[in-house]
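Before any comments, here is the structure.
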Amino acid sequence: MSLAPNNRRLLRWPLLLVAVALVRLRSRVTGHPQCLDYRPPFQPSSPLHLCTEYSSFGCCDAERDLQIYRRFWEVMGHMDGGGYRLCASFIKNLLCQECSPYAAHLFDAEDLSTPVRTLPGLCPDYCRSFYYQCGSTLSLLTDDKEVRRLETDGERLCKRLVLEDEDYCYPAVLESPDLNAELGVVQAGEDGCMQLCLEEVANGLRNPVAMVHAGDGTHRRFVAEQLGLVWMLLPNGTRAERPFLNVSKEVLTSPWIGDERGFLCLAFHPNYRKNGKIYTYYSVLSKDRKRELVRISEFRVSPDNMNYVDPKTERYILEIEEPAANHNGGQLLFGEDGFLYIFTGDGGRAGDPFGLFGNAQNKSALLGKVLRIDVDGADAGRPYRVPRDNPFVRERGARAEVFAYGVRNMWRCSFDRGDRLTGAGRGRLFCGDVGQNKFEEVDIIVKGGNYGWRAKEGFECYDRQLCHNHTLDDILPIYAYNHSLGKSVTGGYVYRGCHSPNLNGLYIFGDFMSGRLMALKEDPRLGRWEKKDVCMGQGQTCVFPGIINNYYQYIISFAEDEAGELYFLSSGLASALSPTSTIYRIIDPSRRAPPKKCQVTVAPVKVKGRLVDFKPKQRLIISKTTTTPPPPPTKPPQLAPTRRPKPTRPSGSKGKTFTTTTTSRLAAPGSLHPSRRPAGQPTLRPPTAGAISRHGQQKNQSRTGKPGQAGRKRPWVSRPSRPLRPGTRRRPTPNMRRPHVPRTNKQMAESSPESR
């Protein structure tokens with residue numbers, strides 16, 4: 001069938017309109033606020049005097065504005081009064097476009113295949129007006145020979161200067177409501193999620209469970225691997241070849257996916273600069289090798305090497321028996337009061353089955369608690385003191401160390417530094433508490449608080465008899481989420497850094513299993529916290545040098561550096577021997593702090609020995625189809641069977657038990673550990689057959705058991721075991737996941753274990 005010419009014309013119009021709409025849509029996707037230094041715009045610390053339209057948000061501070069001001073008068077000095085009246089506005093506008101929040105787009109700096117313009121991209125009408133009134137000033141504005149050669153040909157000149165993208169050319173870029181409505185705020189994704197970006201700062205790690213700083217002005221970062229090694233990273237990303245601390249011979253862990261035992265945390269003494277003391281939290285076997293314990297120890301840094309801790313300086317502070325292989329807790333923090341806070345799990349298995357009310361509700365047990373002790377003294381035969389104002393010091397039958405109780409397995413806690421200007425929020429203690437079968441929760445810990453477990457899980461009753469006890473007096477979470485979003489919360493931090501001011505006051509945390517990042521925003525008027533989903537920047541949002549928008553799924557921990565910037569540590573395979581973990585710094589691509597505001601003075605670091613350079617491996621993903629490098633192995637490296645000789649005690653070891661273990665060498669740990677002697681061998685023991693995950697869910701040992709060891713029994717524990725609660729589900733062994741780009745709530749839900 002043929003169409004009449006008039007009908008063909010009518011059909012062309014809708015097609016033309018669709019084409020125009022697609023071009024306009026593409027323009028909105030490809031351009032994003034960016035300065036000529038390839039970084040996000042900012043709010044100047046003080047008003048600008050020449051480029052006043054960018055005083056609230058743009059790419060120039062007062063210093064750069066002054067330089068442009070001088071350049072403006074240098075150009076105007078070549079004109080008489082008439083020239084000033086005709087051209088001053090044009091000259092000022094052209095010079096000030098480097099202050100525009102879209103400067104990189106106006107000067108074609110986003111396109112690496114083309115040279116950066118010396119003059120901003122203009123809209124056609126504006127270019128013609130400029131040429132006819134002030135075209136003779138081109139030689140004063142640019143050194144570009146090609147542009148200056150067109151000074152006598154206005155048509156060709158404007159063809160060269162004009163930006164084809166009508167939304168982003170000057171001055172249309174100032175008038176577009178789409179481009180200017182939400183400048184400087186965190187960009188929202190398709191369904192309202194906060195679009196953030198990442199910077200890779202370390203890789204090749206084996207299950208890094210913590211990253212901390214010393215608070216000594218050096219801005220070093222100390223990364224602890226589950227095996228029992230701690231690495232020192234300098235601010236520039238390089239690290240010392242020799243571990244800062246190596247207690248892998250003492251640490252009890254295994255290569256089994258999801259094993260929760262191992263080296264779990266370290267904390268630097270508040271007076272570390274003078275006393276050189278650090279404190280560690282790790283799993284061990286008892287002296288008779290029949291029981292599992294968690295141990296809190298003190299070490300001292302070497303007086304001859306500020307980047308090395310001598311394991312022989314270890315002093316045991318506290319040991320707590322663990323009746324099961326899971327729910328080991330694992331957080332150490334020093335508060336502003338100078339006391340050490342210790343976060344223990346409830347002892348493991350499912351449903352806290354120990355005793356009449358469980359460990360968490362039993363104030364005479366140290367499990368399922370937040371403990372607070374003073375490590376700067378000793379009393380009552382203990383290597384520490386109990387603070388006099390601990391809440392249960394005078395309660396009969398209660399352990400004096402208990403600061404708060406009713407917790408299940410808090411995984412990652414942090415103190416709020418407080419607002420940088422007002423101090424609001426300072427000292428609040430946030431924790432993520434891993435749930436049983438239904439809910440994960442975030443709590444703010446207060447002295448003497450009861451956080452409900454096992455009476456409650458999240459906001460709901462778990463043990464109905466305990467839940468309805470009028471003496472419970474529990475403190476509810478500030479937020480809880482069900483297992484459709486994730487199954488293992490990883491507590492985070494309230495952002496108080498300098499580089500991303502939009503994030504100030506947001507509590508940013510995640511979920512280990514689903515890989516979901518989330519944020520909580522406080523509404524002080526209502527006393528509530530609102531949850532915001534965090535997704536990775538879409539399209540061009542993260543197109544900045546060295547910035548990426550994808551990460552490995554299993555979020556192990558969060559971290560804060562000495563300046564308050566926020567990081568998280570994640571893995572592609574949750575095994576203590578798999579070198580598939582990476583550390584990322586969180587970045588807001590929408591707004592940064594003004595230049596020089598975030599400068600810090602870094603104390604010198606004397607490094608003995610070789611430094612290993614850091615090389616990032618991940619790349620930005622722009623296309624919808626994610627293309628990534630081949631995944632690491634889906635099975636952890638296997639070790640030869642372990643034979644454990646009897647413990648020996650070196651001379652002068654005064655009560656310390658040193659465990660000697662014969663094992664094969666560890667598998668090569670990847671790029672983090674090139675060309676070095678093998679690390680000390682950890683004590684490797686598989687979890688109990690039918691061991692319980694962090695959630696209290698039973699694992700299938702036969703799938704991950706090492707040949708010849710699947711039937712090996714755990715050391716005998718003096719406490720009776722109890723079967724799982726009816727309805728408890730087995731947690732599937734997490735498979736290796738590629739770096740992913742969760743962009744929307746729907747996509748994040750699809751990536752959760754519930755959907756697989």
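Residue numbering restarts at 1 in every chain; chains get A, B, ... in the order shown in the structure tokens, and ligands count up from 1 in that same order.
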
Which neighbours of A:Gln97 fall inside 12 Å, counting only C-alpha atoms, when residues of the same chain fewer than 3 positions from it are skipped, and could you give them as a short mmCIF file (atom, residue, chain, number, x, y, z; two decimals) with C-alpha atoms, in the first residue's frame?
```cif
data_model
loop_
_atom_site.label_atom_id
_atom_site.label_comp_id
_atom_site.auth_asym_id
_atom_site.auth_seq_id
_atom_site.Cartn_x
_atom_site.Cartn_y
_atom_site.Cartn_z
CA CYS A 35 34.60 21.14 36.81
CA LEU A 36 37.65 21.51 34.61
CA LEU A 50 32.93 38.92 39.47
CA CYS A 51 31.25 35.61 38.65
CA THR A 52 28.47 36.24 41.15
CA GLU A 53 25.99 33.86 39.51
CA TYR A 54 28.18 31.00 40.76
CA GLY A 58 30.02 26.20 40.90
CA CYS A 59 33.66 25.50 40.15
CA CYS A 60 35.48 28.62 41.41
CA ASP A 65 37.34 34.45 40.96
CA ILE A 68 39.38 35.90 36.51
CA PHE A 90 30.11 39.31 26.81
CA ILE A 91 33.73 39.19 28.05
CA LYS A 92 32.69 38.67 31.66
CA ASN A 93 30.26 35.87 30.73
CA LEU A 94 32.81 34.04 28.58
CA SER A 100 29.92 27.02 35.83
CA PRO A 101 28.99 23.70 37.45
CA TYR A 102 28.89 22.38 33.88
CA ALA A 103 32.32 23.77 32.97
CA ALA A 104 33.70 20.40 31.84
CA HIS A 105 30.82 20.05 29.39
CA LEU A 106 30.99 23.65 28.15
CA PHE A 107 34.70 23.26 27.39
CA ARG A 117 38.25 24.28 24.27
CA THR A 118 39.85 27.59 25.14
CA LEU A 119 36.43 29.26 24.89
CA PRO A 120 33.16 27.80 26.20
CA GLY A 121 30.57 26.26 23.92
CA LEU A 122 27.98 28.87 22.94
CA TYR A 168 24.19 22.60 27.55
CA CYS A 169 25.41 25.51 25.43
CA TYR A 170 25.79 28.90 27.09
CA PRO A 171 23.51 30.64 28.10
CA VAL A 173 22.53 25.85 30.40
CA LEU A 174 21.58 28.54 32.94
#
```

At a cut-off of 12 Å, can you tabulate as JSON lines every residue of stretch 234-340 of chain A near stretch 488-505 of chain A together with its closest atom pair and the distance in Å to one decimal, using only C-alpha atoms and ordering rows by chain then number?
```
{"residue": "A:Gly258", "atom": "CA", "partner": "A:Ser488", "partner_atom": "CA", "distance": 11.6}
{"residue": "A:His327", "atom": "CA", "partner": "A:Ser488", "partner_atom": "CA", "distance": 11.9}
{"residue": "A:Gly329", "atom": "CA", "partner": "A:Thr490", "partner_atom": "CA", "distance": 11.9}
{"residue": "A:Gln331", "atom": "CA", "partner": "A:Gly491", "partner_atom": "CA", "distance": 10.6}
```

Problem - Long-range neighbours of A:Pro44 as an MDAnalysis selection string, 9 Å cut-off, only C-alpha atoms, 3 positions minimum in chain - result: chainID A and resid 47:48 54:62 593:595

Practice task
as a ChimeraX atom specification, list the residues of stretch 250-350 of chain A assigned to helix (DSSP H, G or I) by DSSP on the backbone atoms of this structure.
Solution key: /A:272-275,311-313

Exercise for the section: Between atom CA of A:Gln361 and atom CA of A:His470, measure the distance and give it in Å to one decimal. Expected result: 14.0 Å

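Distance check against A:Arg273 using only C-alpha atoms: of A:Asp216, A:Asp376, A:Glu155, A:Asp337, the minimum falls on A:Asp216.
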
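Considering only C-alpha atoms, the residue among A:Arg349, A:Arg372, A:Arg591, A:Arg70 positioned nearest to A:Val402 is A:Arg372.
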
Exercise for the section: Taking the chain letters and numbering used in this document, name the residues of stretch 190-361 of chain A that DSSP puts in strand (DSSP E or B), as a PyMOL selection string. Expected result: chain A and resi 194-205+208-212+221-225+229-233+239-240+245-246+252-253+263-268+277-285+292-302+305-309+315-322+331-334+340-343

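Of the listed residues (A:Ser581, A:Ser286, A:Thr218, A:Ser129), A:Thr218 comes nearest to A:Ala603; the distances count only C-alpha atoms.
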
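Ranking A:Phe263, A:Tyr405, A:Phe244, A:Phe439 by their shortest atom-to-atom distance to A:Glu460, with only C-alpha atoms included, puts A:Phe439 first.
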